[in-house]
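Undergrad: Provided herewith: entry.cif, mmCIF, C-alpha atoms.
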data_query
#
loop_
_atom_site.group_PDB
_atom_site.id
_atom_site.type_symbol
_atom_site.label_atom_id
_atom_site.label_comp_id
_atom_site.auth_asym_id
_atom_site.auth_seq_id
_atom_site.Cartn_x
_atom_site.Cartn_y
_atom_site.Cartn_z
ATOM 1 C CA MET A 1 -83.036 -3.401 -19.094
ATOM 2 C CA ASP A 2 -84.131 0.013 -20.399
ATOM 3 C CA GLU A 3 -86.746 2.223 -18.732
ATOM 4 C CA LYS A 4 -89.582 1.034 -20.995
ATOM 5 C CA GLY A 5 -88.785 -2.616 -20.300
ATOM 6 C CA ARG A 6 -88.627 -1.964 -16.572
ATOM 7 C CA ILE A 7 -92.034 -0.269 -16.594
ATOM 8 C CA GLU A 8 -93.580 -3.115 -18.595
ATOM 9 C CA LYS A 9 -92.122 -5.682 -16.199
ATOM 10 C CA ASN A 10 -93.429 -3.796 -13.154
ATOM 11 C CA ASN A 11 -96.886 -3.507 -14.714
ATOM 12 C CA ALA A 12 -96.944 -7.233 -15.459
ATOM 13 C CA ILE A 13 -95.954 -8.034 -11.853
ATOM 14 C CA ARG A 14 -98.602 -5.645 -10.533
ATOM 15 C CA GLU A 15 -101.313 -7.172 -12.730
ATOM 16 C CA HIS A 16 -100.334 -10.718 -11.765
ATOM 17 C CA GLY A 17 -100.482 -9.772 -8.075
ATOM 18 C CA LYS A 18 -103.911 -8.208 -8.555
ATOM 19 C CA GLN A 19 -105.271 -11.367 -10.192
ATOM 20 C CA THR A 20 -103.803 -13.525 -7.423
ATOM 21 C CA ARG A 21 -105.411 -11.391 -4.703
ATOM 22 C CA LEU A 22 -108.792 -11.537 -6.449
ATOM 23 C CA ARG A 23 -108.561 -15.323 -6.705
ATOM 24 C CA HIS A 24 -107.521 -15.716 -3.086
ATOM 25 C CA ALA A 25 -110.373 -13.484 -1.890
ATOM 26 C CA SER A 26 -112.802 -16.344 -2.474
ATOM 27 C CA MET A 27 -110.566 -19.004 -0.900
ATOM 28 C CA ARG A 28 -110.140 -20.127 2.711
ATOM 29 C CA PRO A 29 -106.599 -20.461 4.119
ATOM 30 C CA ILE A 30 -105.656 -23.578 6.059
ATOM 31 C CA VAL A 31 -102.394 -24.623 7.717
ATOM 32 C CA VAL A 32 -101.262 -28.211 7.246
ATOM 33 C CA GLU A 33 -98.734 -29.805 9.593
ATOM 34 C CA LEU A 34 -96.233 -32.032 7.780
ATOM 35 C CA LYS A 35 -93.536 -33.992 9.598
ATOM 36 C CA LEU A 36 -90.160 -34.326 7.873
ATOM 37 C CA ASP A 37 -88.776 -37.852 7.557
ATOM 38 C CA LEU A 38 -85.133 -37.185 8.397
ATOM 39 C CA LYS A 39 -84.169 -40.837 7.863
ATOM 40 C CA CYS A 40 -84.076 -40.228 4.113
ATOM 41 C CA LEU A 41 -81.234 -37.700 4.531
ATOM 42 C CA ASN A 42 -77.562 -38.279 5.166
ATOM 43 C CA LYS A 43 -75.845 -37.148 8.359
ATOM 44 C CA SER A 44 -74.596 -33.873 6.862
ATOM 45 C CA GLU A 45 -78.046 -32.894 5.597
ATOM 46 C CA ARG A 46 -79.673 -33.723 8.936
ATOM 47 C CA ASN A 47 -77.049 -31.675 10.773
ATOM 48 C CA ASN A 48 -77.684 -28.720 8.468
ATOM 49 C CA LEU A 49 -81.438 -28.824 9.115
ATOM 50 C CA TRP A 50 -80.864 -28.621 12.867
ATOM 51 C CA MET A 51 -77.933 -26.209 12.611
ATOM 52 C CA TYR A 52 -79.986 -23.603 10.738
ATOM 53 C CA PHE A 53 -82.092 -23.110 13.879
ATOM 54 C CA THR A 54 -78.903 -22.481 15.880
ATOM 55 C CA GLN A 55 -77.564 -20.036 13.295
ATOM 56 C CA CYS A 56 -80.876 -18.143 13.300
ATOM 57 C CA ARG A 57 -80.518 -17.793 17.075
ATOM 58 C CA TRP A 58 -76.962 -16.489 16.693
ATOM 59 C CA LEU A 59 -78.097 -13.958 14.121
ATOM 60 C CA CYS A 60 -81.159 -12.906 16.094
ATOM 61 C CA ASN A 61 -79.119 -12.196 19.230
ATOM 62 C CA TYR A 62 -76.433 -10.420 17.194
ATOM 63 C CA LEU A 63 -79.023 -8.104 15.635
ATOM 64 C CA ILE A 64 -80.624 -7.387 19.002
ATOM 65 C CA SER A 65 -77.190 -6.364 20.358
ATOM 66 C CA LEU A 66 -76.720 -3.694 17.643
ATOM 67 C CA ASP A 67 -77.553 -0.053 18.200
ATOM 68 C CA ALA A 68 -80.371 1.519 16.185
ATOM 69 C CA ASP A 69 -78.168 2.842 13.370
ATOM 70 C CA ALA A 70 -76.187 -0.387 12.963
ATOM 71 C CA PHE A 71 -79.406 -2.411 12.933
ATOM 72 C CA ARG A 72 -80.964 -0.169 10.284
ATOM 73 C CA LEU A 73 -77.865 -0.425 8.085
ATOM 74 C CA PHE A 74 -77.445 -4.194 8.489
ATOM 75 C CA ASN A 75 -76.677 -5.899 5.176
ATOM 76 C CA THR A 76 -78.535 -9.208 4.800
ATOM 77 C CA ARG A 77 -75.596 -10.515 2.749
ATOM 78 C CA THR A 78 -73.506 -10.472 5.928
ATOM 79 C CA ARG A 79 -72.036 -13.843 6.837
ATOM 80 C CA ASP A 80 -69.569 -13.040 9.617
ATOM 81 C CA ILE A 81 -71.084 -12.043 12.965
ATOM 82 C CA THR A 82 -70.155 -12.052 16.650
ATOM 83 C CA SER A 83 -72.337 -13.721 19.257
ATOM 84 C CA LEU A 84 -72.027 -14.660 22.916
ATOM 85 C CA ASP A 85 -71.546 -18.193 24.197
ATOM 86 C CA LYS A 86 -73.293 -19.563 27.303
ATOM 87 C CA ASP A 87 -70.616 -17.964 29.510
ATOM 88 C CA GLY A 88 -71.027 -14.524 27.952
ATOM 89 C CA ASN A 89 -67.816 -14.628 25.932
ATOM 90 C CA LYS A 90 -67.752 -13.174 22.425
ATOM 91 C CA VAL A 91 -67.394 -15.749 19.656
ATOM 92 C CA ASP A 92 -66.903 -15.101 15.940
ATOM 93 C CA ARG A 93 -69.455 -17.009 13.855
ATOM 94 C CA CYS A 94 -69.776 -17.657 10.135
ATOM 95 C CA LEU A 95 -73.312 -18.187 8.843
ATOM 96 C CA THR A 96 -73.743 -20.933 6.250
ATOM 97 C CA MET A 97 -77.529 -20.849 5.998
ATOM 98 C CA PRO A 98 -79.276 -19.522 2.847
ATOM 99 C CA ALA A 99 -79.600 -15.752 2.458
ATOM 100 C CA LYS A 100 -83.400 -16.080 2.565
ATOM 101 C CA PHE A 101 -83.167 -17.253 6.180
ATOM 102 C CA ILE A 102 -80.993 -14.256 7.095
ATOM 103 C CA GLN A 103 -83.546 -11.946 5.480
ATOM 104 C CA SER A 104 -86.341 -13.732 7.342
ATOM 105 C CA VAL A 105 -84.729 -13.253 10.766
ATOM 106 C CA TYR A 106 -83.993 -9.595 10.029
ATOM 107 C CA SER A 107 -87.526 -8.902 8.749
ATOM 108 C CA SER A 108 -89.070 -10.648 11.750
ATOM 109 C CA LEU A 109 -87.094 -8.489 14.179
ATOM 110 C CA LYS A 110 -88.030 -5.333 12.299
ATOM 111 C CA ARG A 111 -91.710 -6.257 12.650
ATOM 112 C CA ASP A 112 -91.267 -6.937 16.369
ATOM 113 C CA MET A 113 -89.533 -3.594 16.879
ATOM 114 C CA ALA A 114 -92.220 -1.759 14.911
ATOM 115 C CA SER A 115 -94.862 -3.441 17.057
ATOM 116 C CA LEU A 116 -93.134 -2.298 20.255
ATOM 117 C CA ALA A 117 -92.823 1.260 18.909
ATOM 118 C CA SER A 118 -96.495 1.298 17.947
ATOM 119 C CA LYS A 119 -97.463 0.155 21.429
ATOM 120 C CA ARG A 120 -95.327 2.895 22.989
ATOM 121 C CA ASN A 121 -96.949 5.538 20.806
ATOM 122 C CA LYS A 122 -100.423 4.239 21.576
ATOM 123 C CA THR A 123 -100.112 3.944 25.353
ATOM 124 C CA GLY A 124 -97.465 6.580 26.019
ATOM 125 C CA LYS A 125 -95.732 4.145 28.330
ATOM 126 C CA LYS A 126 -92.281 2.666 28.020
ATOM 127 C CA ASN A 127 -92.212 -1.018 27.225
ATOM 128 C CA GLY A 128 -89.347 -3.447 27.356
ATOM 129 C CA LYS A 129 -86.788 -4.105 24.657
ATOM 130 C CA LEU A 130 -86.456 -7.317 22.729
ATOM 131 C CA LYS A 131 -84.733 -9.979 24.804
ATOM 132 C CA PHE A 132 -81.940 -12.288 23.771
ATOM 133 C CA ARG A 133 -83.171 -15.728 22.830
ATOM 134 C CA SER A 134 -81.913 -19.032 24.163
ATOM 135 C CA GLU A 135 -83.831 -20.936 21.462
ATOM 136 C CA TYR A 136 -85.001 -20.257 17.923
ATOM 137 C CA ASP A 137 -87.678 -22.804 17.083
ATOM 138 C CA SER A 138 -89.364 -21.434 13.959
ATOM 139 C CA ILE A 139 -87.884 -20.379 10.608
ATOM 140 C CA GLU A 140 -90.102 -18.571 8.113
ATOM 141 C CA LEU A 141 -90.184 -19.817 4.528
ATOM 142 C CA ASN A 142 -91.930 -16.898 2.899
ATOM 143 C CA GLN A 143 -91.657 -17.522 -0.831
ATOM 144 C CA TYR A 144 -93.134 -20.648 -2.384
ATOM 145 C CA ARG A 145 -91.070 -22.038 -5.283
ATOM 146 C CA ASP A 146 -88.034 -20.255 -3.822
ATOM 147 C CA THR A 147 -87.639 -21.121 -0.133
ATOM 148 C CA HIS A 148 -89.744 -24.287 -0.419
ATOM 149 C CA TRP A 149 -91.925 -26.286 -2.781
ATOM 150 C CA ILE A 150 -93.613 -29.673 -2.640
ATOM 151 C CA CYS A 151 -94.324 -32.610 -4.941
ATOM 152 C CA TYR A 152 -97.685 -34.209 -4.236
ATOM 153 C CA MET A 153 -99.998 -36.794 -5.824
ATOM 154 C CA GLU A 154 -99.259 -36.884 -9.562
ATOM 155 C CA GLU A 155 -96.099 -34.837 -9.313
ATOM 156 C CA GLY A 156 -92.715 -36.548 -9.372
ATOM 157 C CA ASP A 157 -91.191 -38.847 -11.957
ATOM 158 C CA LYS A 158 -92.855 -41.804 -13.732
ATOM 159 C CA ASN A 159 -91.807 -44.216 -10.982
ATOM 160 C CA GLY A 160 -93.248 -42.057 -8.202
ATOM 161 C CA LYS A 161 -89.832 -40.891 -7.037
ATOM 162 C CA TYR A 162 -89.855 -37.533 -5.227
ATOM 163 C CA ARG A 163 -93.629 -37.747 -4.768
ATOM 164 C CA ASN A 164 -94.830 -36.602 -1.327
ATOM 165 C CA THR A 165 -91.630 -34.710 -0.693
ATOM 166 C CA VAL A 166 -90.732 -31.144 0.151
ATOM 167 C CA HIS A 167 -87.773 -29.190 -1.209
ATOM 168 C CA ILE A 168 -86.283 -26.761 1.321
ATOM 169 C CA ALA A 169 -83.689 -24.057 0.702
ATOM 170 C CA GLY A 170 -80.283 -25.136 1.953
ATOM 171 C CA ILE A 171 -80.931 -28.874 1.465
ATOM 172 C CA LYS A 172 -80.102 -30.237 -1.987
ATOM 173 C CA ARG A 173 -82.218 -33.365 -1.910
ATOM 174 C CA PRO A 174 -86.004 -33.486 -1.447
ATOM 175 C CA VAL A 175 -87.217 -34.575 1.989
ATOM 176 C CA ARG A 176 -90.030 -37.093 2.466
ATOM 177 C CA VAL A 177 -92.874 -35.829 4.640
ATOM 178 C CA PHE A 178 -95.827 -37.383 6.431
ATOM 179 C CA GLY A 179 -99.291 -35.809 6.322
ATOM 180 C CA MET A 180 -99.734 -34.888 2.644
ATOM 181 C CA GLU A 181 -103.207 -36.475 2.661
ATOM 182 C CA GLN A 182 -104.442 -33.468 4.651
ATOM 183 C CA ILE A 183 -103.963 -31.186 1.632
ATOM 184 C CA PRO A 184 -107.101 -30.683 -0.524
ATOM 185 C CA SER A 185 -106.579 -31.625 -4.167
ATOM 186 C CA SER A 186 -107.510 -28.100 -5.329
ATOM 187 C CA ALA A 187 -105.254 -26.288 -2.845
ATOM 188 C CA GLU A 188 -102.720 -23.647 -3.783
ATOM 189 C CA TYR A 189 -99.523 -23.514 -1.755
ATOM 190 C CA ALA A 190 -98.250 -20.393 -0.016
ATOM 191 C CA ASN A 191 -95.736 -19.572 2.721
ATOM 192 C CA ALA A 192 -94.616 -21.999 5.411
ATOM 193 C CA LYS A 193 -92.681 -22.264 8.667
ATOM 194 C CA ARG A 194 -90.121 -24.867 9.611
ATOM 195 C CA VAL A 195 -90.683 -25.696 13.272
ATOM 196 C CA LYS A 196 -88.382 -27.530 15.684
ATOM 197 C CA ARG A 197 -89.949 -29.754 18.344
ATOM 198 C CA PRO A 198 -88.613 -32.505 20.643
ATOM 199 C CA SER A 199 -90.327 -35.033 18.365
ATOM 200 C CA GLY A 200 -88.646 -33.758 15.190
ATOM 201 C CA ILE A 201 -88.854 -31.038 12.531
ATOM 202 C CA TYR A 202 -92.194 -30.050 11.030
ATOM 203 C CA LEU A 203 -93.322 -27.933 8.107
ATOM 204 C CA MET A 204 -96.375 -25.770 8.817
ATOM 205 C CA LEU A 205 -97.582 -25.200 5.249
ATOM 206 C CA THR A 206 -100.205 -22.568 4.477
ATOM 207 C CA CYS A 207 -102.565 -23.551 1.654
#
What would you get if you wrote out this structure as C-alpha cells?

TA:
Amino acid sequence: MDEKGRIEKNNAIREHGKQTRLRHASMRPIVVELKLDLKCLNKSERNNLWMYFTQCRWLCNYLISLDADAFRLFNTRTRDITSLDKDGNKVDRCLTMPAKFIQSVYSSLKRDMASLASKRNKTGKKNGKLKFRSEYDSIELNQYRDTHWICYMEEGDKNGKYRNTVHIAGIKRPVRVFGMEQIPSSAEYANAKRVKRPSGIYLMLTC
C-alpha cells in the first residue's frame, strides 16, 4: 500500500469510528449473561475452553515474574514460556490459545501496573506489586466479529441451525448458549468476557 492509500484508509477508519461514537452516545449499555451449553461440544473442544483459563494464568504469572525491561519488550506472539508448578518448580509451557487471548492478558496487566503507578504518584506512598494468581477466571474478548460473534433470532441457516449460538476464538464450532431472550431486538453487540464459575462457563456480553 502506498502512502496515499494508507492515508485514505486511516481517514476512513477514523470517520467510521467517529460515526460509531456518535451513534453510541444516545444508547444505553447493558451486560447480558449467557451460559454456554458445553454438551454440544466434543471432549477436545470442552477441554480447550477450560484449558484457556489455565494458560492465561500461566502467562499472567510469567509476565509478573519478568523485570520491567523484559515485560516492556514482551512479544505477544510468544508461545513458549516458563511458569512455576504448585511446588515452586520451573516448568516449560507451550501456549496453544489464540493470540488475541495473549494480547488480552498482557494489556490487562499493563493497565493494572499503570493504575498502581498512578496511585503511587498521587499519594506518594509505596503500594504493593502485582501478586501471582492461583486462578484466572475471566478472559476478555475485546473485538466483536474477531474474538466472538453471535447468531440470534433470524440469523443462522434456513433450518435454524446455528441460531442462538456464539462463536468464540479458539473453538471451531459454534456453541449453544442460554439467555439470548435477554437481548433487545435493536441491540448492537460489543466486547465480552468469558467467565469461569463452578456452575459452568458464561459469556458476559456487552450490548

Undergrad: Give me, please, the distance in Å between CA of Leu205 (chain A) and CA of Ala169 (chain A), quoted to one decimal.

TA: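 Computing the Euclidean distance for CA of Leu205 (chain A) and CA of Ala169 (chain A) yields 14.7 Å.
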
Undergrad: Region 137-152 of chain A: which residues within 9 Å, counting all atoms listed in the file, same-chain residues fewer than 6 positions away excluded, as an NGL selection string?

TA: :A and (52-54 or 56-57 or 100-101 or 104-105 or 108 or 162-170 or 174 or 180 or 189-197)

Undergrad: Going by the chain IDs and residue numbers used in this file, which residues fall under the PyMOL selection byres ((chain A and resi 86-98) around 9)? Write them as a ChimeraX atom specification.

TA: /A:48,51-52,55-56,58-59,78-85,99-102,169-170

Undergrad: For the selection just defined, write its residues with C-alpha atoms to a file, as a PDB file, in the frame of the given file.

TA:
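In the end it all went to part35.pdb:
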ATOM      1  CA  ASN A  48     -77.684 -28.720   8.468  1.00  0.00           C
ATOM      2  CA  MET A  51     -77.933 -26.209  12.611  1.00  0.00           C
ATOM      3  CA  TYR A  52     -79.986 -23.603  10.738  1.00  0.00           C
ATOM      4  CA  GLN A  55     -77.564 -20.036  13.295  1.00  0.00           C
ATOM      5  CA  CYS A  56     -80.876 -18.143  13.300  1.00  0.00           C
ATOM      6  CA  TRP A  58     -76.962 -16.489  16.693  1.00  0.00           C
ATOM      7  CA  LEU A  59     -78.097 -13.958  14.121  1.00  0.00           C
ATOM      8  CA  THR A  78     -73.506 -10.472   5.928  1.00  0.00           C
ATOM      9  CA  ARG A  79     -72.036 -13.843   6.837  1.00  0.00           C
ATOM     10  CA  ASP A  80     -69.569 -13.040   9.617  1.00  0.00           C
ATOM     11  CA  ILE A  81     -71.084 -12.043  12.965  1.00  0.00           C
ATOM     12  CA  THR A  82     -70.155 -12.052  16.650  1.00  0.00           C
ATOM     13  CA  SER A  83     -72.337 -13.721  19.257  1.00  0.00           C
ATOM     14  CA  LEU A  84     -72.027 -14.660  22.916  1.00  0.00           C
ATOM     15  CA  ASP A  85     -71.546 -18.193  24.197  1.00  0.00           C
ATOM     16  CA  ALA A  99     -79.600 -15.752   2.458  1.00  0.00           C
ATOM     17  CA  LYS A 100     -83.400 -16.080   2.565  1.00  0.00           C
ATOM     18  CA  PHE A 101     -83.167 -17.253   6.180  1.00  0.00           C
ATOM     19  CA  ILE A 102     -80.993 -14.256   7.095  1.00  0.00           C
ATOM     20  CA  ALA A 169     -83.689 -24.057   0.702  1.00  0.00           C
ATOM     21  CA  GLY A 170     -80.283 -25.136   1.953  1.00  0.00           C
TER      22      GLY A 170
END

Undergrad: Can you report as lines of an AutoDock Vina configuration file the centre and edge lengths in Å, to one decimal, of an axis-aligned box around the listed atoms of region 26-42 of chain A padded with 3 Å on each side?

TA:
center_x = -95.2
center_y = -28.6
center_z = 3.6
size_x = 41.2
size_y = 30.5
size_z = 18.1

Undergrad: Report as a short mmCIF file (atom, residue, chain, number, x, y, z; two decimals) with C-alpha atoms, in the frame of the given file all protein, DNA and RNA residues lying within 8 Å of Cys207 (chain A), evaluated on all atoms listed in the file, omitting residues in the same chain fewer than 5 positions from it.

TA:
data_model
loop_
_atom_site.label_atom_id
_atom_site.label_comp_id
_atom_site.auth_asym_id
_atom_site.auth_seq_id
_atom_site.Cartn_x
_atom_site.Cartn_y
_atom_site.Cartn_z
CA PRO A 29 -106.60 -20.46 4.12
CA ILE A 30 -105.66 -23.58 6.06
CA VAL A 31 -102.39 -24.62 7.72
CA VAL A 32 -101.26 -28.21 7.25
CA ILE A 183 -103.96 -31.19 1.63
CA ALA A 187 -105.25 -26.29 -2.84
CA GLU A 188 -102.72 -23.65 -3.78
CA TYR A 189 -99.52 -23.51 -1.76
CA ALA A 190 -98.25 -20.39 -0.02
CA ASN A 191 -95.74 -19.57 2.72
#

Undergrad: What gap, in Å, lies between CA of Glu33 (chain A) and CA of Gly179 (chain A)?

TA: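 It comes out at 6.9 Å.
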
Undergrad: For a quick check of understanding, using all atoms listed in the file, which of A:Arg133, A:Lys18, A:Thr76, A:Lys35 has the smallest distance to Tyr202 (chain A)?

TA: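 The shortest atom-to-atom distance to Tyr202 (chain A) comes from A:Lys35.
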
Undergrad: As an exercise, work out the distance from CA of Ser134 (chain A) to CA of Asn61 (chain A) in Å and give it to one decimal place.

TA: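 Separation between CA of Ser134 (chain A) and CA of Asn61 (chain A): 8.9 Å.
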
Undergrad: Using all atoms listed in the file for the distances, tell me which of A:Arg72, A:Arg46, A:Lys9, A:Lys129 is nearest to Arg173 (chain A).

TA: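 Answer, going by the shortest atom-to-atom distance: A:Arg46.
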
Undergrad: Select, from A:Ala25, A:Leu34, A:Cys60, A:Ala12, the residue with the minimum atom-to-atom distance to Tyr136 (chain A), counting all atoms listed in the file.

TA: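 Checking each of A:Ala25, A:Leu34, A:Cys60, A:Ala12 against Tyr136 (chain A), counting all atoms listed in the file, the winner is A:Cys60.
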
Undergrad: With distances taken over all atoms listed in the file, which residue among A:Lys126, A:Lys43, A:Arg28, A:His16 lies nearest Ser186 (chain A)?

TA: A:Arg28

Undergrad: With only C-alpha atoms as the atoms that count, which of A:Met113, A:Cys40, A:Leu49, A:Met204 lies nearest to Ala68 (chain A)?

TA: A:Met113
